[in-house]
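Colleague: If you scroll down you'll find the structure; I have some questions about it.
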There are 2 protein chains.
Amino acid sequence: MQHLKHCQSLAQTFLIRSKSFKLLKSNVPSVSVWNGCPSHRWQSSGGHGWQEYHNDGVSKLTFALAGLMAGTGAVLAYKLHRGKMMIDDDFRDVADLEWAATSGQLLETETSSLPIYTLEEVAKHCSLDSGVWVTYKGEVFDITEFVALHPGGDKILLAAGGGLEPYWALYAVHQQDHILQILTEYKIGVLNKESYKKQESANPSDPYFAEPTRHPALQINSLKPFNAEPPASILTDSYITPSAVFFKRNHLPVPRVVSETYKLEIEGLPGGAVSLTLSELKSRFPKHTVTATLQCAGNRRSDMNKVKQVKGLNWGIAAIGNATWSGARLRDVLLYYGFGPDVAAKARHVQFEGLDRDVTGTSYGASIPLNKAVSEEGDVLLAYEMNGEELPADHGYPVRVVAPGIVGARNVKWLGRIVVSDEESKSHWQQNDYKGFSPGTDWDTVDFKSAPAIQELPIQSAITHPAEGMSVDCYAGDVTVKGYAWSGGGREVIRVDVSVDGGNTWHVAKLRTSDKEHNPALPPPPGRAWTWKLWEIEIPLPDKAQELQIVCKAVDSSYNVQPDSSAPIWNLRGVLSNAWHRVKVKVSEDHKVN
Amino acid sequence: MQHLKHCQSLAQTFLIRSKSFKLLKSNVPSVSVWNGCPSHRWQSSGGHGWQEYHNDGVSKLTFALAGLMAGTGAVLAYKLHRGKMMIDDDFRDVADLEWAATSGQLLETETSSLPIYTLEEVAKHCSLDSGVWVTYKGEVFDITEFVALHPGGDKILLAAGGGLEPYWALYAVHQQDHILQILTEYKIGVLNKESYKKQESANPSDPYFAEPTRHPALQINSLKPFNAEPPASILTDSYITPSAVFFKRNHLPVPRVVSETYKLEIEGLPGGAVSLTLSELKSRFPKHTVTATLQCAGNRRSDMNKVKQVKGLNWGIAAIGNATWSGARLRDVLLYYGFGPDVAAKARHVQFEGLDRDVTGTSYGASIPLNKAVSEEGDVLLAYEMNGEELPADHGYPVRVVAPGIVGARNVKWLGRIVVSDEESKSHWQQNDYKGFSPGTDWDTVDFKSAPAIQELPIQSAITHPAEGMSVDCYAGDVTVKGYAWSGGGREVIRVDVSVDGGNTWHVAKLRTSDKEHNPALPPPPGRAWTWKLWEIEIPLPDKAQELQIVCKAVDSSYNVQPDSSAPIWNLRGVLSNAWHRVKVKVSEDHKVN
């Protein structure tokens with residue numbers, strides 16, 4: 001983390017902060033990333049990837065500020081706020097996100113009874129010694145006491161003496177009523193009109209303005225960063241999920257990477273740091289293709305929210321997808337650049353850094369265990385193709401990690417750097433997010449160090465047809481149930497049990513391993529089953545049933561099973577939600593039913 | 001399988017069958033195994049292993065018959081019997097086993113109204129063409145129609161024309177009332193007294209007469225073969241389970257192996273079959289020590305029996321133990337004898353055969369996936385020591401497989417042969433046993449080919465203190481709960497949740513990784529956590545609680561969890577019983593409670 005204990009007047013710091021940013025960036029690879037000044041024509045890819053953007057004339061100077069002032073992380077727990085308030089740390093729905101569009105909610109006029117300040121006066125309160133003042137929509141807040149409670153740590157001091165808006169632009173997490181309520185408690189005055197106008201005009205442009213367009217079918221869980229899943233009803237229509245509707249899980253703005261100048265840095269190997277162009281990656285190493293299912297740790301979080309509210313995007317059952325990935329094997333690349341027994345004796349992890357960065361220049365980051373990275377059976381790719389085409393922007397163009405069997409969060413997109421290390425990634429997402437806890441652990445008692453970072457995911461399954469609330473025709477005789485099942489760690493799904501009576505009696509579903517029903521995929525070698533299985537079954541309607549409680553549960557090759565219910569696996573981040581999936585449907589005598 | 005389609009009169013076949021047996025044995029390694037004529041002094045090991053046995057004078061000829069006539073397998077499903085009867089195929093308890101001690105239950109006198117036959121007359125009915133007659137305790141049965149229904153296949157023809165007793169001597173599975181009921185349906189007459197006496201005197205001795213003595217604390221689930229577990233109350237007293245009370249799970253009589261003449265055969269490698277003496281195994285390869293927990297697939301089967309009766313030994317929660325194993329690495333041995341990429345390209349499994357054999361000369365057998373066997377991270381041992389001493393007889397003296405993270409059944413004891421192959425072991429135990437099925441699958445619908453052989457086991461935990469029905473003192477303020485937790489596949493136990501209110505609220509237990517509380521073991525590398533964790537927690541007694549429903553559930557490093565309840569994982573063999581463990585205790589105002 002970068003701590004700015006000293007301050008500069010917001011009115012005077014554009015240039016200075018620009019320099020700071022360059023310093024902060026000094027240790028990141030010199031690749032071309034989106035720089036806030038999109039003056040190039042973005043390439044088009046299948047109608048759902050890159051699109052044309054126009055230069056809006058924002059200067060590079062302003063970008064430096066935008067970069068500096070981006071949010072502090074995907075998840076900030078406000079658990080400590082005065083020991084009382086529990087505030088959700090992630091954004092929940094589009095309504096929350098659109099809150100940002102309404103301005104001036106807190107703005108009061110100069111006729112207010114509160115003191116009126118200038119930007120210069122605010123700028124003097126830019127340290128713990130002088131007090132920490134910030135502004136938001138023309139109001140002034142003394143947040144000195146809050147600094148120690150800020151879940152993002154003292155990164156909040158980056159805004160000291162100036163406006164919060166640039167920081168909050170990247171993260172809708174801050175743009176929720178209850179966070180504003182906290183802020184309001186610290187209100188001490190308002191800016192004069194001139195200062196407010198001056199500040200407004202200086203605000204950087206929206207760092208998300210250059211995102212790729214997305215398929216309209218996607219159901220959006222958050223716009224900034226973009227997180228969306230396909231409708232469950234279409235998820236299992238094909239064994240290979242089309243890239244356009246493959247769930248998108250971004251933690252930061254999509255970086256724009258120019259393939260010609262892209263370089264992948266590799267560190268921690270005997271020969272010292274190396275850097276590799278995209279064409280070198282493609283030409284120097286054999287191209288391998290792996291079909292692998294990726295799943296977000298938060299898939300099915302909505303089931304946990306039904307037990308008790310958790311923090312995180314309210315994913316349905318479709319934050320999972322199955323694609324064909326092609327690229328160089330990570331193992332091949334590491335061996336080529338000197339990985340051997342000497343390194344293996346010391347290193348334990350392979351860290352990845354994305355080219356997507358927050359305000360401090362900190363990349364999205366994650367790591368996987370070394371043995372997964374270098375094992376021939378690990379099948380970890382530095383992928384540059386998805387489903388036979390160049391990686392789409394949302395999926396990590398030009399290069400991403402595909403670590404089959406591992407939680408999506410470690411499959412780092414827009415890959416900028418690989419570090420072979422004796423330590424896990426120090427990133428927020430590896431250390432203080434994406435971990436599981438006991439149902440009895442709350443934000444007052446949680447110790448993120450006590451739990452391991454999620455790597456392999458547990459057995460999962462869900463019903464994609466019929467949908468909750470649908471009706472089935474009682475004259476049909478039976479009901480067709482469809483869904484998917486997958487397990488992490490290369491453990492093959494060996495069986496899916498389905499019940500229409502809430503789990504009292506069970507039927508074994510038929511599994512499908514390809515899009516060609518009569519041409520199943522070859523069985524994978526043990527421990528290398530990276531793909532989901534789609535399943536389907538026709539179950540006779542029980543006599544006189546008026547409602548069906550359809551339930552599914554899967555079993556993997558280690559005979560792991562899903563837990564019966566969500567409450568006992570509830571955890572404060574709502575990850576690892578893999579209880580039996582349950583859908584209620586009505587049995588109707590009306591022939592014209594769904 | 002060996003099929004004997006032709007028959008010989010029981011009265012004439014001792015010598016002939018002895019020859020047949022030699023033929024059957026022609027493809028097994030020429031090692032010295034217990035031969036039914038124990039004329040040597042067995043070695044003593046720590047008071048719980050070998051002991052002195054005396055030669056009872058049974059001839060080698062008789063032994064040959066005993067070997068030939070042993071049972072057909074550990075588990076025989078009688079599901080097809082006239083499409084009506086469902087009969088348990090394994091033995092349940094000591095009472096069942098001791099049934100064999102009561103003789104003449106079916107014997108009728110010559111004054112019976114049924115026809116009376118001589119042995120010679122019976123001996124003529126020894127094929128499907130002539131009809132298949134057998135005798136049991138002096139009664140005569142025409143089982144021609146039953147041959148096709150016999151779950152053990154036409155091995156039953158081995159007994160055609162003679163007595164069943166020698167076949168049933170090895171397997172108490174046959175010695176249950178309902179099997180006798182089936183037999184009774186086929187009764188056609190009785191033997192005359194002279195024939196019966198003649199037959200009785202010719203019966204072979206008990207092949208189990210030379211078993212080692214065992215620790216008196218063991219709770220016996222079956223005597224022949226010997227299967228026993230320690231009392232749950234002592235299981236977690238030490239992190240390393242003493243060998244004497246480590247659960248014993250034998251499928252056949254314990255073979256007596258003389259270390260000086262022991263040879264381990266290895267096949268399927270480029271140089272052809274090789275054989276290796278014990279001293280070569282010890283001197284040629286480095287000695288590795290691995291601490292690993294072994295668990296029987298049937299551990300906690302008793303919980304499934306509470307849902308609905310299953311087939312199999314009624315194990316409690318203690319068919320699991322943690323020991324230190326030392327020996328040569330299987331990987332080292334295979335590499336030494338030529339394993340390399342050429343073999344790896346074709347082979348997929350490593351098969352093991354024990355020196356414990358059934359009547360046909362068929363060894364106990366199992367296999368593990370090749371990548372587990374040859375991977376450096378697999379840690380598979382050809383172990384010759386347990387807890388720092390020579391392997392005890394019950395645990396596979398002189399050499400056994402220790403495949404950490406894999407179900408006990410593949411950790412083949414008394415190892416005689418290793419075969420690197422493109423196929424799984426063809427043994428009964430690999431193909432038609434030790435597999436999991438849906439709760440909806442019964443013996444009429446089961447297809448053993450449809451499920452994979454159990455290898456890695458799922459996450460498991462159980463409460464060893466307090467025991468069911470105990471009382472806790474309401475004045476104590478809290479209750480101390482203890483237990484164990486383990487997961488297969490090298491997945492580390494990362495958390496154990498404990499509840500005293502049936503699972504409504506949860507507390508996180510303290511985990512222990514060694515016998516020295518303040519000296520925990522080093523964390524294992526990822527994927528190589530082979531050992532259990534012991535756990536303990538003190539939980540405040542809920543106000544006014546009169547009864548506690550104590551529950552535990554564990555989580556492994558892939559965030560697999562245990563299912564809530566047993567019914568949805570119930571399966572006809574009662575394996576993989578890993579639902580939350582539940583114990584009810586009373587809260588008493590009496591200070592003198594347990």
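Identifiers for the structure tokens are assigned positionally: chains receive A, B, ... in sequence, residues are indexed from 1 per chain, and ligands are indexed from 1 in the order shown.
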Give me the residues near Gly502 in chain B as a list in words, where near means some atom within 7 Å (using only C-alpha atoms) and where sequence neighbours in that chain fewer than 6 positions away do not count.

Modeller: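 In the requested form, the answer reads Gln549, Ile550 and Val551 of chain B.
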
Colleague: Dump as an MDAnalysis selection string the residues of chain A that approach chain B to within 6 Å, counting only C-alpha atoms.

Modeller: chainID A and resid 440 456:458 506 558:560 563:564

Colleague: Would you give me, as an mmCIF file with all heavy atoms, in the first residue's frame, the residues in range 350-430 of chain B that DSSP reads as alpha helix (DSSP H)?

Modeller:
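Output saved as result.cif:
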```cif
data_model
loop_
_atom_site.group_PDB
_atom_site.id
_atom_site.type_symbol
_atom_site.label_atom_id
_atom_site.label_comp_id
_atom_site.auth_asym_id
_atom_site.auth_seq_id
_atom_site.Cartn_x
_atom_site.Cartn_y
_atom_site.Cartn_z
ATOM 1 N N LEU B 370 -2.425 -44.016 -12.066
ATOM 2 C CA LEU B 370 -0.982 -43.939 -12.297
ATOM 3 C C LEU B 370 -0.385 -42.629 -11.778
ATOM 4 O O LEU B 370 0.689 -42.628 -11.163
ATOM 5 C CB LEU B 370 -0.710 -44.062 -13.800
ATOM 6 C CG LEU B 370 0.764 -43.982 -14.197
ATOM 7 C CD1 LEU B 370 1.488 -45.250 -13.813
ATOM 8 C CD2 LEU B 370 0.918 -43.728 -15.698
ATOM 9 N N ASN B 371 -1.072 -41.519 -12.014
ATOM 10 C CA ASN B 371 -0.461 -40.243 -11.622
ATOM 11 C C ASN B 371 -0.297 -40.139 -10.114
ATOM 12 O O ASN B 371 0.661 -39.553 -9.625
ATOM 13 C CB ASN B 371 -1.218 -39.042 -12.204
ATOM 14 C CG ASN B 371 -2.670 -38.993 -11.797
ATOM 15 O OD1 ASN B 371 -3.186 -39.939 -11.204
ATOM 16 N ND2 ASN B 371 -3.338 -37.892 -12.109
ATOM 17 N N LYS B 372 -1.197 -40.742 -9.365
ATOM 18 C CA LYS B 372 -1.010 -40.791 -7.913
ATOM 19 C C LYS B 372 0.220 -41.622 -7.560
ATOM 20 O O LYS B 372 1.015 -41.259 -6.690
ATOM 21 C CB LYS B 372 -2.257 -41.382 -7.250
ATOM 22 C CG LYS B 372 -2.130 -41.688 -5.761
ATOM 23 C CD LYS B 372 -2.059 -40.443 -4.925
ATOM 24 C CE LYS B 372 -1.944 -40.782 -3.441
ATOM 25 N NZ LYS B 372 -1.710 -39.574 -2.620
ATOM 26 N N ALA B 373 0.392 -42.731 -8.281
ATOM 27 C CA ALA B 373 1.466 -43.663 -7.959
ATOM 28 C C ALA B 373 2.850 -43.107 -8.266
ATOM 29 O O ALA B 373 3.803 -43.354 -7.534
ATOM 30 C CB ALA B 373 1.252 -44.971 -8.717
ATOM 31 N N VAL B 374 2.966 -42.351 -9.355
ATOM 32 C CA VAL B 374 4.308 -41.944 -9.796
ATOM 33 C C VAL B 374 4.628 -40.483 -9.492
ATOM 34 O O VAL B 374 5.778 -40.056 -9.628
ATOM 35 C CB VAL B 374 4.514 -42.198 -11.312
ATOM 36 C CG1 VAL B 374 4.370 -43.668 -11.635
ATOM 37 C CG2 VAL B 374 3.563 -41.354 -12.147
ATOM 38 N N HIS B 428 -12.747 -58.040 -7.552
ATOM 39 C CA HIS B 428 -14.099 -57.792 -7.055
ATOM 40 C C HIS B 428 -14.177 -56.469 -6.302
ATOM 41 O O HIS B 428 -15.112 -55.693 -6.471
ATOM 42 C CB HIS B 428 -14.484 -58.946 -6.132
ATOM 43 C CG HIS B 428 -15.703 -58.702 -5.325
ATOM 44 N ND1 HIS B 428 -16.967 -58.871 -5.826
ATOM 45 C CD2 HIS B 428 -15.854 -58.247 -4.050
ATOM 46 C CE1 HIS B 428 -17.850 -58.560 -4.902
ATOM 47 N NE2 HIS B 428 -17.203 -58.181 -3.809
ATOM 48 N N TRP B 429 -13.162 -56.208 -5.471
ATOM 49 C CA TRP B 429 -13.226 -55.044 -4.573
ATOM 50 C C TRP B 429 -13.057 -53.727 -5.321
ATOM 51 O O TRP B 429 -13.459 -52.684 -4.864
ATOM 52 C CB TRP B 429 -12.176 -55.181 -3.466
ATOM 53 C CG TRP B 429 -12.404 -56.407 -2.649
ATOM 54 C CD1 TRP B 429 -13.229 -56.520 -1.574
ATOM 55 C CD2 TRP B 429 -11.828 -57.707 -2.858
ATOM 56 N NE1 TRP B 429 -13.205 -57.807 -1.096
ATOM 57 C CE2 TRP B 429 -12.348 -58.562 -1.865
ATOM 58 C CE3 TRP B 429 -10.940 -58.234 -3.789
ATOM 59 C CZ2 TRP B 429 -12.004 -59.903 -1.761
ATOM 60 C CZ3 TRP B 429 -10.583 -59.572 -3.684
ATOM 61 C CH2 TRP B 429 -11.111 -60.390 -2.686
ATOM 62 N N GLN B 430 -12.415 -53.804 -6.484
ATOM 63 C CA GLN B 430 -12.260 -52.589 -7.301
ATOM 64 C C GLN B 430 -13.484 -52.394 -8.200
ATOM 65 O O GLN B 430 -13.911 -51.272 -8.439
ATOM 66 C CB GLN B 430 -11.006 -52.718 -8.187
ATOM 67 C CG GLN B 430 -10.611 -51.448 -8.914
ATOM 68 C CD GLN B 430 -9.771 -50.515 -8.078
ATOM 69 O OE1 GLN B 430 -9.247 -50.903 -7.039
ATOM 70 N NE2 GLN B 430 -9.633 -49.280 -8.497
#
```

Colleague: Which residue gives the smallest distance to Tyr262 in chain A among A:Ala409, A:Leu415, A:Leu522, A:Leu381, with only C-alpha atoms counted?

Modeller: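 For Tyr262 in chain A, the nearest of the given residues is A:Leu415.
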
Colleague: How far is it from CA of Leu391 in chain B to CA of Tyr484 in chain B, in Å with one decimal?

Modeller: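 Spanning CA of Leu391 in chain B to CA of Tyr484 in chain B is a straight-line distance of 24.3 Å.
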
Colleague: Between CA of Gly316 in chain B and CA of Arg301 in chain B, measure the distance and give it in Å to one decimal.

Modeller: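 According to the coordinates, CA of Gly316 in chain B and CA of Arg301 in chain B are separated by 6.6 Å.
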
Colleague: List the neighbours of Glu211 in chain A out to 8 Å using only C-alpha atoms; skip same-chain residues closer than 3 positions along the sequence, and give me the result as an mmCIF file with N, CA, C and O atoms, in the first residue's frame.

Modeller:
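Contents of result-v1.cif, as written:
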```cif
data_model
loop_
_atom_site.group_PDB
_atom_site.id
_atom_site.type_symbol
_atom_site.label_atom_id
_atom_site.label_comp_id
_atom_site.auth_asym_id
_atom_site.auth_seq_id
_atom_site.Cartn_x
_atom_site.Cartn_y
_atom_site.Cartn_z
ATOM 1 N N TYR A 208 -14.654 4.561 -16.526
ATOM 2 C CA TYR A 208 -15.353 3.446 -17.167
ATOM 3 C C TYR A 208 -15.938 3.811 -18.525
ATOM 4 O O TYR A 208 -16.654 3.015 -19.108
ATOM 5 N N PRO A 253 -11.844 -1.079 -13.980
ATOM 6 C CA PRO A 253 -12.164 -0.796 -15.379
ATOM 7 C C PRO A 253 -11.382 -1.729 -16.312
ATOM 8 O O PRO A 253 -10.253 -2.117 -16.009
ATOM 9 N N VAL A 254 -11.977 -2.054 -17.421
ATOM 10 C CA VAL A 254 -11.295 -2.880 -18.423
ATOM 11 C C VAL A 254 -10.136 -2.074 -19.004
ATOM 12 O O VAL A 254 -10.347 -0.981 -19.542
#
```

Colleague: Quote the spacing between CA of Pro225 in chain A and CA of Ala485 in chain A in Å to one decimal place.

Modeller: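 Value for the CA of Pro225 in chain A-CA of Ala485 in chain A distance: 27.8 Å.
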
Colleague: Name all residues at most 8 Å from Gly163 in chain B (count only C-alpha atoms; drop same-chain ones fewer than 6 positions away) and give them as number ranges by chain.

Modeller: B: 10, 134-136, 199

Colleague: For each of A:Leu294, A:Asp358, A:Lys187, A:Gly131, take the minimum atom-to-atom distance to Trp168 in chain A, counting only C-alpha atoms, then give the residue where this is smallest.

Modeller: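 The shortest atom-to-atom distance to Trp168 in chain A comes from A:Asp358.
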
Colleague: Of the candidates A:Thr213, A:Thr293, A:Ser130, A:Ser233, which one gets nearest to His465 in chain A if we count only C-alpha atoms?

Modeller: A:Ser233

Colleague: Nearest residue to Ser421 in chain A out of A:His395, A:Lys449, A:His349, A:Lys248, using only C-alpha atoms?

Modeller: A:His349

Colleague: I want to know what sits within 7 Å of range 334-347 of chain A, based on only C-alpha atoms, with residues of the same chain fewer than 6 positions away left out; could you give that as a PyMOL selection string?

Modeller: chain A and resi 269-271+420-422

Colleague: Output the selection as a PDB file, in the first residue's frame - all heavy atoms for each residue.

Modeller:
```pdb
ATOM      1  N   LEU A 269      12.658 -15.973 -11.506  1.00  0.00           N
ATOM      2  CA  LEU A 269      13.374 -17.107 -12.085  1.00  0.00           C
ATOM      3  C   LEU A 269      14.867 -16.779 -12.145  1.00  0.00           C
ATOM      4  O   LEU A 269      15.248 -15.596 -12.083  1.00  0.00           O
ATOM      5  CB  LEU A 269      12.807 -17.430 -13.470  1.00  0.00           C
ATOM      6  CG  LEU A 269      11.359 -17.939 -13.421  1.00  0.00           C
ATOM      7  CD1 LEU A 269      10.795 -18.128 -14.822  1.00  0.00           C
ATOM      8  CD2 LEU A 269      11.270 -19.245 -12.635  1.00  0.00           C
ATOM      9  N   PRO A 270      15.725 -17.808 -12.257  1.00  0.00           N
ATOM     10  CA  PRO A 270      17.168 -17.593 -12.096  1.00  0.00           C
ATOM     11  C   PRO A 270      17.772 -16.517 -12.999  1.00  0.00           C
ATOM     12  O   PRO A 270      18.639 -15.753 -12.576  1.00  0.00           O
ATOM     13  CB  PRO A 270      17.762 -18.967 -12.433  1.00  0.00           C
ATOM     14  CG  PRO A 270      16.682 -19.930 -12.151  1.00  0.00           C
ATOM     15  CD  PRO A 270      15.401 -19.219 -12.450  1.00  0.00           C
ATOM     16  N   GLY A 271      17.290 -16.404 -14.213  1.00  0.00           N
ATOM     17  CA  GLY A 271      17.906 -15.457 -15.136  1.00  0.00           C
ATOM     18  C   GLY A 271      17.519 -14.011 -14.911  1.00  0.00           C
ATOM     19  O   GLY A 271      17.902 -13.145 -15.690  1.00  0.00           O
ATOM     20  N   VAL A 420       7.228 -15.703  -9.696  1.00  0.00           N
ATOM     21  CA  VAL A 420       7.401 -16.963  -8.966  1.00  0.00           C
ATOM     22  C   VAL A 420       7.964 -16.597  -7.599  1.00  0.00           C
ATOM     23  O   VAL A 420       8.986 -15.909  -7.506  1.00  0.00           O
ATOM     24  CB  VAL A 420       8.371 -17.898  -9.723  1.00  0.00           C
ATOM     25  CG1 VAL A 420       8.558 -19.197  -8.963  1.00  0.00           C
ATOM     26  CG2 VAL A 420       7.848 -18.166 -11.135  1.00  0.00           C
ATOM     27  N   SER A 421       7.301 -17.027  -6.555  1.00  0.00           N
ATOM     28  CA  SER A 421       7.626 -16.473  -5.244  1.00  0.00           C
ATOM     29  C   SER A 421       7.427 -17.499  -4.129  1.00  0.00           C
ATOM     30  O   SER A 421       6.716 -18.499  -4.300  1.00  0.00           O
ATOM     31  CB  SER A 421       6.716 -15.254  -4.977  1.00  0.00           C
ATOM     32  OG  SER A 421       6.879 -14.779  -3.669  1.00  0.00           O
ATOM     33  N   ASP A 422       8.032 -17.216  -2.990  1.00  0.00           N
ATOM     34  CA  ASP A 422       7.751 -18.057  -1.822  1.00  0.00           C
ATOM     35  C   ASP A 422       6.511 -17.564  -1.086  1.00  0.00           C
ATOM     36  O   ASP A 422       6.098 -18.163  -0.091  1.00  0.00           O
ATOM     37  CB  ASP A 422       8.962 -18.083  -0.874  1.00  0.00           C
ATOM     38  CG  ASP A 422       9.344 -16.699  -0.395  1.00  0.00           C
ATOM     39  OD1 ASP A 422       8.882 -15.704  -1.004  1.00  0.00           O
ATOM     40  OD2 ASP A 422      10.103 -16.598   0.576  1.00  0.00           O
TER      41      ASP A 422
END
```

Colleague: Considering only C-alpha atoms, state which residue in the set A:Val147, A:Val257, A:Ile320, A:Leu330 is at the smallest distance from Gln351 in chain A.

Modeller: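 Nearest to Gln351 in chain A: A:Leu330.
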
Colleague: Write out as a PyMOL selection string each polymer residue whose atoms come within 8 Å of range 531-533 of chain A, counting only C-alpha atoms; drop sequence neighbours fewer than 2 positions from it.

Modeller: chain A and resi 239+291-293+322+484-487+492-493+511-513+529+535

Colleague: Excluding same-chain residues fewer than 4 positions from Pro466 in chain B, what lies within 12 Å of it counting only C-alpha atoms, as a list in words?

Modeller: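 Residues near the query, excluding close chain neighbours: Ala232, Ser233, Ile234, Thr236, Ala462, Met470, Ser471, Val472, Val479, Thr480, Val481, Lys482, Gly483, Val500, Glu536, Ile537, Glu538, Leu548, Gln549, Ile550, Val551, Arg582, Val583, Lys584, Val585, Lys586, Val587, Val593 and Asn594 of chain B.
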